[in-house]
Amino acid sequence: MTIKERLLVVRTGLGTSRNRKILAGSVALALAGAGVGYAVLSGDGSARTGGAKDEPVNGVVQDGSGKTVLYWFDPMLPMERYNAPGKSSMNMDLQPKYAEEGGGAGIQISPQVQQNLGVRTARVSFDNLAAAIAVVGRVETDERRIIEVQTLTPGFVEQLSVRAVGEQVGRGTRVASVYSPELLGAQHEYAALLKIRRSTITPGLRSAARQRLQLLGLPEAAIRNLDRGGRAQRTYGVFAPRSGIVTAIGARPGARVEPGQSIITLADLSQVWVVAEVPEVSLGQIRVGQPAEISFPAYGGETVQGRIDYIFPTLDPEARTARVRVTLPNPGGRLKIGMFANLTIGGAATGGLVVPSEAVISTGRRNVVIVQRNGGFIPVEVELGRTVGDRTEIRRGLNLNDIVVVSGQFLIDSEASLAGIVERLSRGQSPAAQQQRQDELIQGRGVVKTVDAAGGRITLAHEPLAAINWPAMTMTFPVKDRSLLRGRKAGERVMFAFQRPQQGQTPVIERIAPEAAQ
């Protein structure tokens with residue numbers, strides 16, 4: 001006997017096999033002509049038991065699709081259930097929930113609805129992720145190329161050729177003229193010794209006097225001038241040993257200088273540092289020798305390549321950042337001290353399963369990805385690895401070539417919550433165990449008195465609860481999720497449910513909806 005015949009026997013009470021077959025064929029033809037019926041076979045041979053449009057089945061108005069409508073709901077308020085199409089408490093159009101959509105294949109959503117919602121999917125792929133850290137830095141002087149120009153003898157600055165910080169000074173340039181009474185006296189002594197015959201002076205005295213002039217900083221050219229019978233110089237010149245930019249002036253004309261005191265400070269900017277601030281949480285990924293791509297806002301999208309050559313040993317205690325350094329050549333002085341730079345520091349690439357980052361739904365307690373399997377959508381809890389750019393590594397939960405949803409997850413997530421899939425996922429329960437838990441909920445009716453959305457509490461004047469021997473009373477309940485209070489208002493009649501409370505504990509409402517919507 002076919003499925004169609006069995007259904008007709010139940011409805012007509014016919015007993016003979018011949019009559020059953022004849023009537024089955026007649027009714028099937030009639031149903032095909034009218035486009036309605038109680039038992040029409042679907043393409044896969046399963047019975048479709050939905051009623052005609054606007055016809056109630058088990059008190060719920062059907063939509064004429066041939067599927068059984070269990071209830072009508074608003075995807076934004078999945079706890080609100082209605083017996084007929086219309087508007088929800090948020091004035092949104094209600095959608096049908098079909099009996100055929102609650103199976104093991106996950107949440108079923110028609111291709112038309114997927115297109116309207118803009119649902120996009122992507123495949124889980126295997127790829128190499130190179131950890132990249134984007135940080136901000138700035139150009140600084142290479143401190144190994146800073147030169148202090150000093151005098152070796154006490155004296156007074158009579159002339160200074162450099163008058164401002166930032167001036168360019170070439171190698172060998174005379175930067176200052178210094179008058180030193182001590183050096184002038186040493187020159188006169190040496191000149192006097194040169195005029196005395198060697199036989200009449202102590203051996204080595206003349207060479208000692210010459211060496212003293214060298215130690216006091218008199219240039220070799222001035223000493224040779226004395227050897228040739230020249231006159232002693234009242235002032236001597238101080239020369240720049242290397243080209244650079246003046247970064248500091250330590251003495252102005254007329255100032256007294258002492259040995260070790262800098263007259264000017266020069267910085268050779270033909271090579272500079274780019275120093276970046278790396279957050280403490282990313283410091284473990286930084287190694288000396290890692291490549292870095294550097295761009296400068298002053299020069300648009302132009303980039304240069306470099307490598308981390310030093311990690312500073314201290315951490316900023318307030319900003320919780322560490323400094324890392326990249327050394328760059330600076331031909332023509334194009335990079336200016338203090339200029340900002342954007343650095344992308346790359347690491348060693350490692351392979352793994354990756355998905356677009358937008359596919360991951362983070363709830364705060366877990367990370368979930370909506371996966372399309374066997375024609376349905378299933379929330380799957382995943383363990384995340386690194387995120388590089390717009391891709392995220394998945395360490396556990398997905399397989400290669402799984403299809404994941406990357407946009408339009410709102411309705412799917414609402415449907416999953418409605419069907420209890422997410423709840424089972426969070427509790428690790430089987431569908432049967434979850435259904436048993438739902439059956440054990442204590443249900444009641446009442447009137448809303450006050451709603452404390454911020455505190456997650458609602459005050460109800462409820463009817464007697466015979467299951468736990470509670471009389472009618474007004475009581476404040478906490479709710480499991482604050483979203484349950486969305487749309488609730490004082491004076492509204494509601495149905496609610498909670499788990500049987502322990503002795504002395506206040507029950508927590510797990511479901512609440514307008515009484516008419518149940």
# chains A, B, ... in the order shown; residues from 1 in each chain; ligands from 1
>>> select_by_dssp(residues="range 244-424 of chain A", states="strand (DSSP E or B)", output="number ranges by chain")
A: 244-249, 256-257, 262-267, 271-279, 291-295, 303-315, 321-329, 340-356, 360-362, 367-373, 376-388, 391-396, 403-407
>>> residues_around(residues="Pro356 in chain A", least_positions_apart="2", cutoff="9 Å", atoms="only C-alpha atoms", output="ChimeraX atom specification")
/A:122,124,354,358-360,390-393,406
>>> select_by_dssp(residues="range 177-236 of chain A", states="helix (DSSP H, G or I)", output="PyMOL selection string")
chain A and resi 181-195+198-200+205-215+220-227
>>> closest_residue(among="A:Gln290, A:Ser483, A:Thr202, A:Asn225", to="Ala454 in chain A", atoms="only C-alpha atoms")
A:Ser483
>>> residues_around(residues="Pro507 in chain A", least_positions_apart="6", cutoff="10 Å", atoms="only C-alpha atoms", output="list in words")
Ile442, Thr476, Phe477, Pro478, Val479, Lys480, Ala497, Phe498, Gln499, Arg500 and Pro501 of chain A
>>> atom_distance(atom1="CA of Ala248 in chain A", atom2="CA of Glu148 in chain A")
9.3 Å
>>> closest_residue(among="A:Arg81, A:Arg138, A:Arg396, A:Arg123", to="Phe340 in chain A", atoms="only C-alpha atoms")
A:Arg138
>>> residues_around(residues="range 244-246 of chain A", least_positions_apart="6", cutoff="7 Å", atoms="only C-alpha atoms", output="PDB file with C-alpha atoms, in the first residue's frame")
ATOM      1  CA  VAL A 165      70.940  74.824  14.604  1.00  0.00           C
ATOM      2  CA  GLY A 166      70.135  72.989  11.382  1.00  0.00           C
ATOM      3  CA  GLU A 167      72.986  74.448   9.317  1.00  0.00           C
ATOM      4  CA  GLN A 168      74.929  72.078   7.096  1.00  0.00           C
ATOM      5  CA  VAL A 169      78.648  71.854   7.889  1.00  0.00           C
ATOM      6  CA  GLY A 170      81.168  70.175   5.589  1.00  0.00           C
ATOM      7  CA  ILE A 264      78.856  72.492  18.456  1.00  0.00           C
ATOM      8  CA  THR A 265      77.210  69.061  17.935  1.00  0.00           C
ATOM      9  CA  LEU A 266      76.986  67.577  14.453  1.00  0.00           C
ATOM     10  CA  ALA A 267      74.767  64.739  13.207  1.00  0.00           C
ATOM     11  CA  ASP A 268      75.535  62.845  10.022  1.00  0.00           C
ATOM     12  CA  LEU A 269      72.104  62.323   8.417  1.00  0.00           C
TER      13      LEU A 269
END
>>> atom_distance(atom1="CA of Phe377 in chain A", atom2="CA of Leu400 in chain A")
16.9 Å
>>> residues_around(residues="Leu460 in chain A", least_positions_apart="5", cutoff="10 Å", atoms="only C-alpha atoms", output="count of residues only")
18
>>> residues_around(residues="Arg256 in chain A", least_positions_apart="4", cutoff="8 Å", atoms="only C-alpha atoms", output="JSON, numbers by chain")
{"A": [154, 155, 156, 157, 251]}
>>> write_last_selection(atoms="N, CA and C atoms", output="short mmCIF file (atom, residue, chain, number, x, y, z; two decimals), in the first residue's frame")
data_model
loop_
_atom_site.label_atom_id
_atom_site.label_comp_id
_atom_site.auth_asym_id
_atom_site.auth_seq_id
_atom_site.Cartn_x
_atom_site.Cartn_y
_atom_site.Cartn_z
N PRO A 154 91.65 75.13 27.68
CA PRO A 154 90.73 76.22 28.07
C PRO A 154 90.97 77.45 27.21
N GLY A 155 89.90 78.18 27.00
CA GLY A 155 90.04 79.37 26.19
C GLY A 155 88.72 80.09 26.03
N PHE A 156 88.72 81.06 25.08
CA PHE A 156 87.54 81.87 24.82
C PHE A 156 87.22 81.83 23.33
N VAL A 157 85.91 81.67 23.03
CA VAL A 157 85.50 81.64 21.64
C VAL A 157 85.48 83.08 21.12
N ALA A 251 78.52 76.84 22.67
CA ALA A 251 79.22 78.06 23.08
C ALA A 251 79.08 79.12 21.99
#
>>> closest_residue(among="A:Asp54, A:Glu383, A:Asp402, A:Glu80", to="Arg486 in chain A", atoms="only C-alpha atoms")
A:Glu80
>>> residues_around(residues="Pro85 in chain A", least_positions_apart="3", cutoff="8 Å", atoms="only C-alpha atoms", output="ChimeraX atom specification")
/A:61,72,82,93-96
>>> decode(residues="range 161-177 of chain A", atoms="N, CA and C atoms", output="short mmCIF file (atom, residue, chain, number, x, y, z; two decimals), in the first residue's frame")
data_model
loop_
_atom_site.label_atom_id
_atom_site.label_comp_id
_atom_site.auth_asym_id
_atom_site.auth_seq_id
_atom_site.Cartn_x
_atom_site.Cartn_y
_atom_site.Cartn_z
N SER A 161 81.64 80.34 13.19
CA SER A 161 81.11 80.41 11.83
C SER A 161 79.70 79.83 11.74
N VAL A 162 79.29 79.08 12.73
CA VAL A 162 77.94 78.48 12.76
C VAL A 162 77.10 79.29 13.74
N ARG A 163 75.97 79.76 13.28
CA ARG A 163 75.15 80.61 14.15
C ARG A 163 73.78 80.01 14.47
N ALA A 164 73.38 78.92 13.79
CA ALA A 164 72.03 78.40 14.00
C ALA A 164 72.03 76.88 13.88
N VAL A 165 71.16 76.27 14.68
CA VAL A 165 70.94 74.82 14.60
C VAL A 165 70.28 74.50 13.26
N GLY A 166 70.70 73.40 12.66
CA GLY A 166 70.14 72.99 11.38
C GLY A 166 71.02 73.32 10.20
N GLU A 167 72.09 74.10 10.42
CA GLU A 167 72.99 74.45 9.32
C GLU A 167 73.81 73.24 8.91
N GLN A 168 74.09 73.15 7.63
CA GLN A 168 74.93 72.08 7.10
C GLN A 168 76.39 72.49 7.22
N VAL A 169 77.21 71.60 7.72
CA VAL A 169 78.65 71.85 7.89
C VAL A 169 79.41 70.76 7.16
N GLY A 170 80.36 71.14 6.32
CA GLY A 170 81.17 70.17 5.59
C GLY A 170 82.39 69.74 6.36
N ARG A 171 82.91 68.60 5.99
CA ARG A 171 84.11 68.09 6.66
C ARG A 171 85.29 69.04 6.43
N GLY A 172 86.05 69.34 7.52
CA GLY A 172 87.20 70.24 7.44
C GLY A 172 86.85 71.70 7.55
N THR A 173 85.58 72.03 7.69
CA THR A 173 85.17 73.44 7.81
C THR A 173 85.60 74.00 9.17
N ARG A 174 86.19 75.23 9.17
CA ARG A 174 86.55 75.89 10.42
C ARG A 174 85.28 76.41 11.07
N VAL A 175 84.91 75.83 12.19
CA VAL A 175 83.65 76.20 12.83
C VAL A 175 83.84 77.27 13.91
N ALA A 176 85.06 77.41 14.47
CA ALA A 176 85.27 78.40 15.54
C ALA A 176 86.75 78.78 15.63
N SER A 177 87.01 79.99 16.16
CA SER A 177 88.37 80.45 16.49
C SER A 177 88.42 80.67 17.99
#
